[in-house]
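Shown here: data-v4.tsv, TSV, C-alpha atoms and all ligand atoms.
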```tsv
chain	number	residue	atom	x	y	z
A	370	MET	CA	-73.95	-78.51	-109.10
A	371	ASN	CA	-72.62	-76.59	-112.10
A	372	SER	CA	-69.14	-76.91	-113.55
A	373	THR	CA	-67.82	-73.70	-112.03
A	374	THR	CA	-68.63	-74.65	-108.42
A	375	GLU	CA	-67.87	-78.37	-108.49
A	376	SER	CA	-64.46	-78.07	-106.84
A	377	LEU	CA	-65.81	-75.79	-104.09
A	378	ASN	CA	-66.64	-77.03	-100.59
A	379	ILE	CA	-69.80	-74.95	-100.51
A	380	GLU	CA	-70.73	-75.40	-96.84
A	381	GLN	CA	-67.26	-74.57	-95.64
A	382	PHE	CA	-67.11	-71.59	-97.98
A	383	GLN	CA	-70.42	-70.23	-96.66
A	384	ASP	CA	-69.26	-70.63	-93.06
A	385	ASP	CA	-65.91	-68.95	-93.65
A	386	LEU	CA	-67.48	-66.07	-95.56
A	387	ILE	CA	-70.38	-65.43	-93.18
A	388	ASN	CA	-68.30	-65.81	-90.00
A	389	TRP	CA	-65.89	-63.23	-91.35
A	390	PHE	CA	-68.73	-60.86	-92.19
A	391	GLU	CA	-70.26	-61.24	-88.72
A	392	ALA	CA	-66.95	-60.29	-87.16
A	393	GLU	CA	-65.69	-57.64	-89.56
A	394	GLN	CA	-68.65	-55.89	-91.21
A	395	ARG	CA	-68.58	-52.12	-91.27
A	396	ASP	CA	-71.13	-50.25	-89.21
A	397	LEU	CA	-73.25	-48.71	-91.99
A	398	PRO	CA	-76.52	-46.85	-91.41
A	399	TRP	CA	-78.57	-49.04	-93.77
A	400	ARG	CA	-77.50	-52.14	-91.85
A	401	LYS	CA	-79.34	-51.01	-88.71
A	402	ASP	CA	-82.58	-52.71	-89.72
A	403	GLN	CA	-84.00	-54.75	-92.58
A	404	ASP	CA	-86.72	-52.31	-93.65
A	405	PRO	CA	-87.12	-53.09	-97.41
A	406	TYR	CA	-87.60	-49.40	-98.19
A	407	LYS	CA	-84.32	-48.41	-96.55
A	408	VAL	CA	-82.46	-51.31	-98.14
A	409	TRP	CA	-83.91	-50.20	-101.47
A	410	VAL	CA	-82.86	-46.55	-101.04
A	411	SER	CA	-79.35	-47.57	-99.98
A	412	GLU	CA	-78.90	-49.96	-102.90
A	413	ILE	CA	-80.02	-47.35	-105.43
A	414	MET	CA	-77.67	-44.78	-103.90
A	415	LEU	CA	-74.79	-47.25	-103.87
A	416	GLN	CA	-75.05	-47.90	-107.61
A	417	GLN	CA	-72.06	-46.08	-109.14
A	418	THR	CA	-71.32	-44.23	-105.89
A	419	ARG	CA	-68.82	-44.91	-103.09
A	420	VAL	CA	-69.99	-45.92	-99.61
A	421	ASP	CA	-68.33	-42.92	-97.91
A	422	THR	CA	-70.17	-40.53	-100.21
A	423	VAL	CA	-73.50	-42.29	-99.77
A	424	ILE	CA	-73.58	-42.35	-95.93
A	425	PRO	CA	-74.49	-38.66	-95.32
A	426	TYR	CA	-76.90	-38.64	-98.28
A	427	PHE	CA	-78.63	-41.76	-97.01
A	428	ASN	CA	-79.02	-40.34	-93.50
A	429	ARG	CA	-80.43	-37.05	-94.76
A	430	PHE	CA	-82.72	-38.73	-97.29
A	431	ILE	CA	-84.19	-41.14	-94.72
A	432	GLU	CA	-84.61	-38.33	-92.24
A	433	LYS	CA	-86.54	-36.32	-94.83
A	434	PHE	CA	-88.44	-39.23	-96.39
A	435	PRO	CA	-88.54	-41.90	-93.66
A	436	THR	CA	-91.26	-44.05	-95.23
A	437	ILE	CA	-92.65	-45.11	-98.58
A	438	GLU	CA	-95.63	-42.88	-97.93
A	439	LYS	CA	-93.49	-39.80	-97.30
A	440	LEU	CA	-91.41	-40.29	-100.45
A	441	SER	CA	-94.55	-40.95	-102.52
A	442	GLU	CA	-96.11	-37.71	-101.40
A	443	ALA	CA	-92.99	-35.55	-101.72
A	444	ASP	CA	-92.76	-33.07	-104.58
A	445	GLU	CA	-90.14	-33.88	-107.19
A	446	GLU	CA	-88.13	-30.70	-106.59
A	447	SER	CA	-87.47	-31.54	-102.94
A	448	VAL	CA	-86.56	-35.12	-103.80
A	449	MET	CA	-84.09	-33.94	-106.46
A	450	LYS	CA	-82.67	-31.47	-103.95
A	451	ALA	CA	-82.04	-34.29	-101.46
A	452	TRP	CA	-80.18	-36.17	-104.22
A	453	GLU	CA	-78.26	-33.11	-105.42
A	454	GLY	CA	-74.59	-33.97	-105.92
A	455	LEU	CA	-75.01	-37.76	-105.98
A	456	GLY	CA	-75.19	-37.88	-109.78
A	457	TYR	CA	-77.03	-40.32	-112.08
A	458	TYR	CA	-80.27	-38.50	-111.35
A	459	SER	CA	-82.49	-40.91	-113.27
A	460	ARG	CA	-81.93	-43.20	-110.28
A	461	VAL	CA	-83.94	-40.97	-107.95
A	462	ARG	CA	-86.68	-40.24	-110.49
A	463	ASN	CA	-87.15	-43.97	-111.02
A	464	LEU	CA	-87.00	-44.60	-107.28
A	465	GLN	CA	-89.77	-42.13	-106.55
A	466	ALA	CA	-91.93	-43.44	-109.43
A	467	ALA	CA	-91.50	-47.01	-108.21
A	468	VAL	CA	-92.13	-46.07	-104.57
A	469	ARG	CA	-95.36	-44.35	-105.65
A	470	GLU	CA	-96.39	-47.52	-107.41
A	471	VAL	CA	-95.71	-49.57	-104.28
A	472	HIS	CA	-97.71	-47.05	-102.26
A	473	GLU	CA	-100.66	-46.98	-104.64
A	474	SER	CA	-100.81	-50.53	-106.01
A	475	TYR	CA	-99.21	-52.73	-103.35
A	476	GLY	CA	-100.55	-51.13	-100.17
A	477	GLY	CA	-97.13	-49.71	-99.33
A	478	ILE	CA	-95.50	-53.17	-99.09
A	479	VAL	CA	-92.42	-53.76	-101.26
A	480	PRO	CA	-93.05	-57.01	-103.22
A	481	ASN	CA	-91.15	-60.01	-101.86
A	482	THR	CA	-90.89	-62.12	-105.02
A	483	PRO	CA	-88.43	-61.79	-107.92
A	484	GLU	CA	-91.31	-61.40	-110.39
A	485	GLY	CA	-93.08	-58.74	-108.33
A	486	ILE	CA	-90.08	-56.64	-107.48
A	487	ARG	CA	-88.54	-56.71	-110.96
A	488	LYS	CA	-91.64	-54.96	-112.34
A	489	LEU	CA	-90.75	-51.80	-110.42
A	490	ARG	CA	-89.07	-48.99	-112.29
A	491	GLY	CA	-85.28	-48.88	-111.86
A	492	VAL	CA	-85.14	-52.23	-110.08
A	493	GLY	CA	-82.78	-54.45	-112.09
A	494	PRO	CA	-81.57	-57.94	-111.21
A	495	TYR	CA	-78.90	-56.70	-108.78
A	496	THR	CA	-81.20	-54.41	-106.78
A	497	ALA	CA	-83.96	-57.03	-106.78
A	498	GLY	CA	-81.54	-59.66	-105.41
A	499	ALA	CA	-80.18	-57.28	-102.79
A	500	ILE	CA	-83.62	-56.26	-101.47
A	501	LEU	CA	-85.03	-59.79	-101.55
A	502	SER	CA	-82.07	-61.34	-99.76
A	503	ILE	CA	-81.36	-58.58	-97.23
A	504	ALA	CA	-84.90	-57.53	-96.36
A	505	TYR	CA	-86.81	-60.81	-96.90
A	506	GLY	CA	-84.18	-63.57	-96.59
A	507	VAL	CA	-84.88	-64.90	-100.11
A	508	PRO	CA	-81.87	-66.77	-101.59
A	509	GLU	CA	-81.56	-64.65	-104.76
A	510	PRO	CA	-78.19	-63.65	-106.22
A	511	ALA	CA	-77.24	-59.97	-106.17
A	512	VAL	CA	-74.56	-59.65	-108.83
A	513	ASP	CA	-72.83	-56.37	-109.55
A	514	GLY	CA	-69.32	-55.64	-110.83
A	515	ASN	CA	-67.91	-55.98	-107.35
A	516	VAL	CA	-69.38	-59.43	-106.83
A	517	MET	CA	-68.38	-60.55	-110.35
A	518	ARG	CA	-64.78	-59.64	-109.56
A	519	VAL	CA	-64.77	-61.70	-106.34
A	520	ILE	CA	-66.52	-64.70	-107.86
A	521	SER	CA	-64.42	-64.67	-111.03
A	522	ARG	CA	-61.36	-65.06	-108.81
A	523	ILE	CA	-62.74	-67.65	-106.43
A	524	LEU	CA	-64.15	-69.85	-109.19
A	525	LEU	CA	-61.68	-68.94	-111.94
A	526	ILE	CA	-64.31	-67.62	-114.34
A	527	TRP	CA	-62.77	-66.04	-117.44
A	528	GLU	CA	-65.96	-64.50	-118.91
A	529	ASP	CA	-65.66	-60.85	-119.92
A	530	ILE	CA	-67.59	-59.01	-117.18
A	531	ALA	CA	-68.08	-56.00	-119.45
A	532	LYS	CA	-70.53	-58.11	-121.50
A	533	ALA	CA	-74.12	-58.06	-120.30
A	534	SER	CA	-74.49	-61.77	-121.01
A	535	SER	CA	-71.81	-62.67	-118.43
A	536	ARG	CA	-74.08	-61.77	-115.53
A	537	LYS	CA	-76.07	-64.99	-116.09
A	538	VAL	CA	-72.95	-67.12	-115.62
A	539	PHE	CA	-72.25	-65.45	-112.27
A	540	GLU	CA	-75.89	-65.62	-111.18
A	541	ALA	CA	-75.96	-69.34	-111.94
A	542	ALA	CA	-72.80	-69.88	-109.91
A	543	ILE	CA	-74.18	-67.94	-106.94
A	544	ARG	CA	-77.43	-69.88	-107.00
A	545	GLU	CA	-75.29	-72.96	-106.35
A	546	MET	CA	-73.29	-71.32	-103.58
A	547	ILE	CA	-75.71	-69.07	-101.71
A	548	SER	CA	-76.57	-69.90	-98.12
A	549	HIS	CA	-80.27	-70.72	-97.70
A	550	GLU	CA	-79.99	-70.19	-93.95
A	551	ASN	CA	-78.62	-66.68	-94.30
A	552	PRO	CA	-78.78	-65.33	-97.87
A	553	SER	CA	-78.69	-61.77	-96.52
A	554	TYR	CA	-75.29	-62.17	-94.89
A	555	PHE	CA	-74.00	-64.29	-97.76
A	556	ASN	CA	-74.70	-61.57	-100.34
A	557	GLN	CA	-73.59	-58.74	-98.10
A	558	ALA	CA	-70.41	-60.64	-97.23
A	559	LEU	CA	-69.51	-61.02	-100.91
A	560	MET	CA	-70.03	-57.27	-101.42
A	561	GLU	CA	-68.03	-56.48	-98.28
A	562	LEU	CA	-65.23	-58.81	-99.33
A	563	GLY	CA	-65.06	-57.04	-102.70
A	564	ALA	CA	-64.98	-53.64	-101.01
A	565	LEU	CA	-62.44	-54.40	-98.27
A	566	ILE	CA	-60.25	-57.36	-99.25
A	567	CYS	CA	-60.73	-58.57	-102.82
A	568	THR	CA	-60.24	-55.13	-104.30
A	569	PRO	CA	-59.79	-54.41	-108.03
A	570	THR	CA	-56.03	-53.98	-107.79
A	571	SER	CA	-53.72	-55.66	-105.28
A	572	PRO	CA	-56.29	-57.82	-103.44
A	573	SER	CA	-55.27	-58.53	-99.83
A	574	CYS	CA	-55.17	-62.29	-100.25
A	575	LEU	CA	-53.16	-62.87	-97.10
A	576	LEU	CA	-56.00	-61.40	-95.04
A	577	CYS	CA	-58.74	-63.10	-97.03
A	578	PRO	CA	-61.19	-65.30	-95.10
A	579	VAL	CA	-61.90	-67.47	-98.16
A	580	ARG	CA	-58.37	-67.78	-99.46
A	581	GLU	CA	-58.44	-71.55	-99.02
A	582	HIS	CA	-61.33	-71.72	-101.46
A	583	CYS	CA	-59.89	-69.33	-104.03
A	584	GLN	CA	-58.73	-70.89	-107.26
A	585	ALA	CA	-57.19	-67.67	-108.59
A	586	PHE	CA	-55.03	-67.41	-105.46
A	587	PHE	CA	-54.09	-71.07	-105.78
A	588	GLU	CA	-52.96	-70.53	-109.37
A	589	GLY	CA	-51.47	-67.07	-108.74
A	590	VAL	CA	-53.71	-65.36	-111.35
A	591	GLN	CA	-55.77	-63.08	-109.09
A	592	ASP	CA	-54.27	-60.01	-110.79
A	593	GLN	CA	-55.50	-61.18	-114.20
A	594	LEU	CA	-59.12	-61.45	-113.09
A	595	PRO	CA	-61.75	-60.37	-113.76
A	596	VAL	CA	-61.50	-60.12	-117.54
A	597	LYS	CA	-62.95	-56.74	-118.45
A	598	THR	CA	-62.66	-55.14	-121.88
A	599	LYS	CA	-62.14	-51.40	-121.99
A	600	LYS	CA	-65.02	-49.01	-122.40
A	601	LYS	CA	-65.31	-46.67	-125.37
A	602	SER	CA	-63.26	-43.50	-125.16
A	603	VAL	CA	-64.52	-40.51	-123.22
A	604	ARG	CA	-65.93	-37.52	-125.14
A	605	HIS	CA	-64.57	-34.10	-124.30
A	606	VAL	CA	-66.89	-31.07	-124.42
A	607	GLU	CA	-65.99	-27.40	-123.87
A	608	LEU	CA	-68.68	-25.09	-122.52
A	609	VAL	CA	-69.13	-21.45	-121.58
A	610	ALA	CA	-71.39	-20.62	-118.64
A	611	ALA	CA	-72.31	-17.53	-116.66
A	612	VAL	CA	-73.73	-16.55	-113.30
A	613	LEU	CA	-75.96	-13.64	-114.36
A	614	LYS	CA	-77.58	-11.10	-112.07
A	615	ASP	CA	-80.39	-8.64	-112.82
A	616	ASP	CA	-80.89	-5.17	-111.30
A	617	ASN	CA	-82.85	-6.67	-108.40
A	618	ASN	CA	-80.01	-9.02	-107.41
A	619	ARG	CA	-81.79	-12.05	-108.80
A	620	PHE	CA	-79.94	-14.81	-110.65
A	621	LEU	CA	-80.90	-16.43	-113.92
A	622	ILE	CA	-81.35	-20.21	-113.76
A	623	HIS	CA	-82.54	-22.65	-116.34
A	624	LYS	CA	-84.13	-26.11	-116.04
A	625	ARG	CA	-82.55	-28.82	-118.17
A	626	SER	CA	-84.67	-30.93	-120.47
A	627	ASP	CA	-86.63	-33.80	-118.93
A	628	LYS	CA	-84.66	-36.24	-121.08
A	629	GLY	CA	-80.99	-37.16	-121.25
A	630	LEU	CA	-78.01	-36.18	-119.11
A	631	LEU	CA	-78.88	-34.54	-115.75
A	632	ALA	CA	-82.53	-34.33	-116.79
A	633	ASN	CA	-84.72	-31.85	-114.88
A	634	LEU	CA	-81.84	-30.39	-112.87
A	635	TRP	CA	-81.32	-26.62	-112.78
A	636	GLU	CA	-78.24	-24.89	-114.17
A	637	PHE	CA	-76.71	-21.53	-114.94
A	638	PRO	CA	-77.02	-20.53	-118.61
A	639	ASN	CA	-74.41	-22.30	-120.67
A	640	VAL	CA	-73.63	-23.36	-124.20
A	641	GLU	CA	-71.15	-25.64	-125.96
A	642	LYS	CA	-68.33	-23.66	-127.53
A	643	SER	CA	-68.36	-25.81	-130.65
A	644	LYS	CA	-71.95	-24.86	-131.44
A	645	LEU	CA	-71.10	-21.23	-132.05
A	646	ILE	CA	-67.48	-21.36	-132.94
A	647	LYS	CA	-67.57	-18.35	-135.26
A	648	SER	CA	-68.78	-15.92	-132.66
A	649	LYS	CA	-66.53	-14.12	-130.19
A	650	ASN	CA	-69.43	-13.55	-127.83
A	651	ILE	CA	-70.75	-17.06	-127.67
A	652	LEU	CA	-72.93	-16.80	-124.62
A	653	GLN	CA	-74.32	-13.36	-125.45
A	654	ASP	CA	-75.37	-14.52	-128.90
A	655	PHE	CA	-76.85	-17.73	-127.53
A	656	LEU	CA	-78.96	-15.95	-124.90
A	657	LYS	CA	-80.04	-13.27	-127.34
A	658	ASP	CA	-80.99	-15.67	-130.11
A	659	ASP	CA	-82.57	-18.42	-128.03
A	660	TYR	CA	-83.99	-16.51	-125.05
A	661	HIS	CA	-84.10	-12.82	-126.14
A	662	ILE	CA	-81.95	-11.87	-123.16
A	663	GLU	CA	-79.28	-9.18	-123.41
A	664	ILE	CA	-76.25	-9.46	-121.13
A	665	ASN	CA	-72.92	-7.86	-120.36
A	666	LEU	CA	-70.22	-10.32	-119.37
A	667	ASP	CA	-67.39	-9.63	-116.94
A	668	LYS	CA	-64.17	-11.61	-117.03
A	669	SER	CA	-64.13	-15.36	-116.59
A	670	PHE	CA	-63.67	-16.10	-112.86
A	671	THR	CA	-63.16	-19.88	-112.82
A	672	ASP	CA	-62.74	-23.00	-114.89
A	673	ILE	CA	-64.60	-26.12	-113.86
A	674	GLN	CA	-63.92	-29.60	-115.05
A	675	HIS	CA	-66.43	-32.38	-114.51
A	676	VAL	CA	-65.90	-36.02	-115.40
A	677	PHE	CA	-68.85	-38.30	-116.20
A	678	SER	CA	-68.37	-41.96	-117.09
A	679	HIS	CA	-68.55	-41.26	-120.85
A	680	LEU	CA	-67.93	-37.53	-121.04
A	681	THR	CA	-65.90	-34.69	-119.60
A	682	TRP	CA	-67.02	-31.08	-119.39
A	683	ASP	CA	-64.56	-28.20	-119.38
A	684	ILE	CA	-66.50	-25.10	-118.41
A	685	GLU	CA	-65.24	-21.53	-118.62
A	686	VAL	CA	-67.36	-19.54	-116.19
A	687	TYR	CA	-68.16	-15.83	-116.30
A	688	SER	CA	-70.14	-13.46	-114.17
A	689	GLY	CA	-72.34	-10.88	-115.80
A	690	GLN	CA	-75.27	-8.50	-115.73
A	691	ILE	CA	-78.67	-8.87	-117.35
A	692	ILE	CA	-79.81	-5.83	-119.32
A	693	GLY	CA	-83.55	-5.23	-119.45
A	694	THR	CA	-86.22	-7.78	-118.62
A	695	VAL	CA	-86.45	-11.55	-118.76
A	696	GLU	CA	-89.56	-13.48	-119.73
A	697	GLU	CA	-89.72	-16.07	-116.98
A	698	ASN	CA	-91.40	-19.43	-117.52
A	699	GLU	CA	-91.38	-23.03	-116.21
A	700	THR	CA	-87.79	-23.59	-117.26
A	701	LEU	CA	-86.31	-20.11	-116.96
A	702	LYS	CA	-86.38	-18.27	-113.66
A	703	LEU	CA	-84.90	-15.35	-111.81
A	704	VAL	CA	-84.28	-16.26	-108.18
A	705	THR	CA	-82.74	-14.62	-105.15
A	706	GLU	CA	-79.66	-16.07	-103.48
A	707	GLU	CA	-81.89	-17.58	-100.81
A	708	GLU	CA	-84.43	-19.04	-103.26
A	709	LEU	CA	-81.63	-20.59	-105.28
A	710	THR	CA	-80.90	-23.04	-102.46
A	711	ASN	CA	-84.28	-24.72	-103.06
A	712	TYR	CA	-83.31	-25.87	-106.57
A	713	ALA	CA	-81.24	-28.96	-107.37
A	714	PHE	CA	-78.12	-28.31	-109.44
A	715	PRO	CA	-75.51	-30.69	-110.89
A	716	VAL	CA	-72.19	-30.77	-109.02
A	717	SER	CA	-70.42	-28.70	-111.71
A	718	HIS	CA	-72.95	-25.86	-111.32
A	719	GLN	CA	-72.82	-26.05	-107.53
A	720	LYS	CA	-69.06	-25.51	-107.86
A	721	MET	CA	-69.67	-22.47	-110.10
A	722	TRP	CA	-71.99	-21.00	-107.51
A	723	LYS	CA	-69.52	-21.63	-104.70
A	724	ALA	CA	-66.73	-19.99	-106.69
A	725	PHE	CA	-69.01	-17.04	-107.46
A	726	LEU	CA	-69.85	-16.53	-103.77
A	727	GLU	CA	-66.14	-16.48	-102.97
A	728	LEU	CA	-65.44	-13.70	-105.47
A	801	LIG	S1	-57.73	-65.00	-102.03
A	801	LIG	FE1	-57.33	-63.06	-102.95
A	801	LIG	S2	-58.22	-63.17	-105.00
A	801	LIG	FE2	-59.05	-64.83	-103.80
A	801	LIG	S3	-60.98	-64.04	-103.00
A	801	LIG	FE3	-59.41	-63.69	-101.47
A	801	LIG	S4	-58.65	-61.62	-101.86
A	801	LIG	FE4	-59.77	-62.29	-103.67
```

Structure re-expressed in structure tokens:
Amino acid sequence: MNSTTESLNIEQFQDDLINWFEAEQRDLPWRKDQDPYKVWVSEIMLQQTRVDTVIPYFNRFIEKFPTIEKLSEADEESVMKAWEGLGYYSRVRNLQAAVREVHESYGGIVPNTPEGIRKLRGVGPYTAGAILSIAYGVPEPAVDGNVMRVISRILLIWEDIAKASSRKVFEAAIREMISHENPSYFNQALMELGALICTPTSPSCLLCPVREHCQAFFEGVQDQLPVKTKKKSVRHVELVAAVLKDDNNRFLIHKRSDKGLLANLWEFPNVEKSKLIKSKNILQDFLKDDYHIEINLDKSFTDIQHVFSHLTWDIEVYSGQIIGTVEENETLKLVTEEELTNYAFPVSHQKMWKAFLEL
């Protein structure tokens, strides 16, 4: 037993936690069966994204790509489209690459060992632990920020959870505590407790099924835990964008680079204001210089703000007309309104399109 769990009645804690989960768990679509592929998809979607947002995406994604084989064979554009709006798009690119590897190298069977599963692209310690415990009943910890918060309170752990090295402390503690009879419910119950009861602010201690085991509650310090140092400040970027139409009612769209933020998604032409601060006609100059496209802009019809974890975008959006011809290529296309729906756009550009259609 390690020092952090020595005052815990582990068996009683497991019983209290799992009994509560059996009685109170939410009815979520990925809990309907233990198919490792579905558990995997749900866990990747749930990274950085709220449960309520994920539910319809998960249902649509599984309907479209119900098996490892189907997702392996799908073309990237349709997979990106199914993920459109969920954000953090590298998640789905990694997921498809890893699923292809499982299909081609493992006979379509998701590996059931920590060593095997951790080799897959995009599968970190948390996702590995979640899949192994939920789908295969392997007693592996699945430690994310949610679980660190709960455990830091129960065991009075004062490590800074913003530091990558802290994860090991929590994993070690969970290895001591995890139920070997039901690791799936144990891990899911910790996640559920963090989501429903032991929330970041004002945890509902009076409703908590493990209150009797909780050292932070006992000492009255639950509001001081977990320790988490602040992230770096958010960068603010101003952009100009335009929904541009040609004489044949086709719209100009551009594919983002295959590296970096929102890689490989499609967008309406846009440019950072700071890049061309001297010009009054920022977007015209940009399109003329970089793409040899002449345009006439109308008035700005909306402002869109989008907040990423490290960055905010403030986008001034115009409509406009393309003059002359456009040299189309792999990353620059003219598409009809109907064709446009086949391309995956970031949320900010979907909003632009919606606002444009309402003009
Ligand atoms: S008693 Fe309060 S702080 Fe402790 S685990 Fe329960 S909800 Fe969290």

Q.
Can you tell me which residues surround Glu581 in chain A at a distance of at most 12 Å, considering all atoms listed in the file, apart from same-chain residues fewer than 5 positions away, and format the answer as an MDAnalysis selection string?
A. chainID A and resid 376:379 381:382 385:386 523:524 574:576 586:588

Q. When the cut-off is 6 Å and you count all atoms listed in the file, which residues lie near ligand LIG 801 (chain A), shown as a PyMOL selection string?
A. chain A and resi 519+522-523+566-567+572-574+577+579-580+583+585-586+591

Using only C-alpha atoms, please write the residues we just selected to a file, as a tab-separated table (two decimals), in the coordinates of the input.
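This went into out.tsv:
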```tsv
chain	number	residue	atom	x	y	z
A	519	VAL	CA	-64.77	-61.70	-106.34
A	522	ARG	CA	-61.36	-65.06	-108.81
A	523	ILE	CA	-62.74	-67.65	-106.43
A	566	ILE	CA	-60.25	-57.36	-99.25
A	567	CYS	CA	-60.73	-58.57	-102.82
A	572	PRO	CA	-56.29	-57.82	-103.44
A	573	SER	CA	-55.27	-58.53	-99.83
A	574	CYS	CA	-55.17	-62.29	-100.25
A	577	CYS	CA	-58.74	-63.10	-97.03
A	579	VAL	CA	-61.90	-67.47	-98.16
A	580	ARG	CA	-58.37	-67.78	-99.46
A	583	CYS	CA	-59.89	-69.33	-104.03
A	585	ALA	CA	-57.19	-67.67	-108.59
A	586	PHE	CA	-55.03	-67.41	-105.46
A	591	GLN	CA	-55.77	-63.08	-109.09
```

**Q.** Best match for closeness to Pro494 in chain A among A:Gln417, A:Ser643, A:Ser521, A:Thr482, counting all atoms listed in the file
**A.** A:Thr482

Q. Pick from A:Leu559, A:Leu464, A:Val471, A:Ala497: nearest to Met414 in chain A, with all atoms listed in the file counted?
A.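 Looking at the shortest contact to Met414 in chain A, the residue is A:Leu464.
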
Q. Neighbours of Val516 in chain A within 12 Å (all atoms listed in the file; same-chain residues fewer than 6 positions away dropped), as number ranges by chain?
A. A: 495, 499, 510, 522-524, 530, 536, 539-540, 542-543, 555-564, 567-569, 595

Can those selected residues be exported to a file as a JSON list (two decimals), keeping the file's coordinate frame so that it contains C-alpha atoms?
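File result-v8.json, as written:
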```
[["chain", "number", "residue", "atom", "x", "y", "z"],
["A", 495, "TYR", "CA", -78.90, -56.70, -108.78],
["A", 499, "ALA", "CA", -80.18, -57.28, -102.79],
["A", 510, "PRO", "CA", -78.19, -63.65, -106.22],
["A", 522, "ARG", "CA", -61.36, -65.06, -108.81],
["A", 523, "ILE", "CA", -62.74, -67.65, -106.43],
["A", 524, "LEU", "CA", -64.15, -69.85, -109.19],
["A", 530, "ILE", "CA", -67.59, -59.01, -117.18],
["A", 536, "ARG", "CA", -74.08, -61.77, -115.53],
["A", 539, "PHE", "CA", -72.25, -65.45, -112.27],
["A", 540, "GLU", "CA", -75.89, -65.62, -111.18],
["A", 542, "ALA", "CA", -72.80, -69.88, -109.91],
["A", 543, "ILE", "CA", -74.18, -67.94, -106.94],
["A", 555, "PHE", "CA", -74.00, -64.29, -97.76],
["A", 556, "ASN", "CA", -74.70, -61.57, -100.34],
["A", 557, "GLN", "CA", -73.59, -58.74, -98.10],
["A", 558, "ALA", "CA", -70.41, -60.64, -97.23],
["A", 559, "LEU", "CA", -69.51, -61.02, -100.91],
["A", 560, "MET", "CA", -70.03, -57.27, -101.42],
["A", 561, "GLU", "CA", -68.03, -56.48, -98.28],
["A", 562, "LEU", "CA", -65.23, -58.81, -99.33],
["A", 563, "GLY", "CA", -65.06, -57.04, -102.70],
["A", 564, "ALA", "CA", -64.98, -53.64, -101.01],
["A", 567, "CYS", "CA", -60.73, -58.57, -102.82],
["A", 568, "THR", "CA", -60.24, -55.13, -104.30],
["A", 569, "PRO", "CA", -59.79, -54.41, -108.03],
["A", 595, "PRO", "CA", -61.75, -60.37, -113.76]]
```

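Candidate residues A:Lys532, A:Gly589, A:His718, A:Phe725 were compared for distance to Trp682 in chain A, and the nearest is A:His718, using all atoms listed in the file.
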
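Considering the residues A:His549, A:Lys537, A:Lys614, A:Arg518 and counting all atoms listed in the file, Asp592 in chain A has its shortest atom-to-atom contact with A:Arg518.
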
Could you get me a file of range 546-584 of chain A with C-alpha atoms, as an mmCIF file, in the first residue's frame, taken from the block above?
```cif
data_model
loop_
_atom_site.group_PDB
_atom_site.id
_atom_site.type_symbol
_atom_site.label_atom_id
_atom_site.label_comp_id
_atom_site.auth_asym_id
_atom_site.auth_seq_id
_atom_site.Cartn_x
_atom_site.Cartn_y
_atom_site.Cartn_z
ATOM 1 C CA MET A 546 -7.451 1.351 -5.023
ATOM 2 C CA ILE A 547 -8.897 -0.089 -8.228
ATOM 3 C CA SER A 548 -11.350 -2.955 -7.995
ATOM 4 C CA HIS A 549 -10.004 -6.107 -9.648
ATOM 5 C CA GLU A 550 -13.503 -7.581 -9.760
ATOM 6 C CA ASN A 551 -14.938 -4.641 -11.661
ATOM 7 C CA PRO A 552 -12.287 -2.205 -12.939
ATOM 8 C CA SER A 553 -14.695 -0.986 -15.619
ATOM 9 C CA TYR A 554 -17.268 0.280 -13.137
ATOM 10 C CA PHE A 555 -14.579 1.533 -10.769
ATOM 11 C CA ASN A 556 -13.026 3.800 -13.415
ATOM 12 C CA GLN A 557 -16.350 4.874 -14.862
ATOM 13 C CA ALA A 558 -17.673 5.607 -11.371
ATOM 14 C CA LEU A 559 -14.732 7.920 -10.635
ATOM 15 C CA MET A 560 -15.384 9.771 -13.903
ATOM 16 C CA GLU A 561 -19.114 9.937 -13.171
ATOM 17 C CA LEU A 562 -18.491 11.164 -9.641
ATOM 18 C CA GLY A 563 -16.285 13.938 -11.031
ATOM 19 C CA ALA A 564 -18.926 14.897 -13.580
ATOM 20 C CA LEU A 565 -21.987 14.812 -11.316
ATOM 21 C CA ILE A 566 -20.982 15.270 -7.675
ATOM 22 C CA CYS A 567 -17.319 16.150 -7.141
ATOM 23 C CA THR A 568 -17.424 19.041 -9.581
ATOM 24 C CA PRO A 569 -14.649 21.647 -9.977
ATOM 25 C CA THR A 570 -16.453 24.308 -7.970
ATOM 26 C CA SER A 571 -18.917 23.706 -5.137
ATOM 27 C CA PRO A 572 -18.762 19.888 -4.984
ATOM 28 C CA SER A 573 -21.996 18.348 -3.676
ATOM 29 C CA CYS A 574 -20.384 16.681 -0.682
ATOM 30 C CA LEU A 575 -23.663 16.125 1.123
ATOM 31 C CA LEU A 576 -24.839 13.893 -1.731
ATOM 32 C CA CYS A 577 -21.496 12.167 -2.175
ATOM 33 C CA PRO A 578 -21.445 8.359 -1.917
ATOM 34 C CA VAL A 579 -17.801 8.322 -0.757
ATOM 35 C CA ARG A 580 -17.946 11.240 1.638
ATOM 36 C CA GLU A 581 -17.003 8.998 4.559
ATOM 37 C CA HIS A 582 -13.738 8.198 2.803
ATOM 38 C CA CYS A 583 -12.913 11.746 1.748
ATOM 39 C CA GLN A 584 -10.059 13.390 3.589
#
```
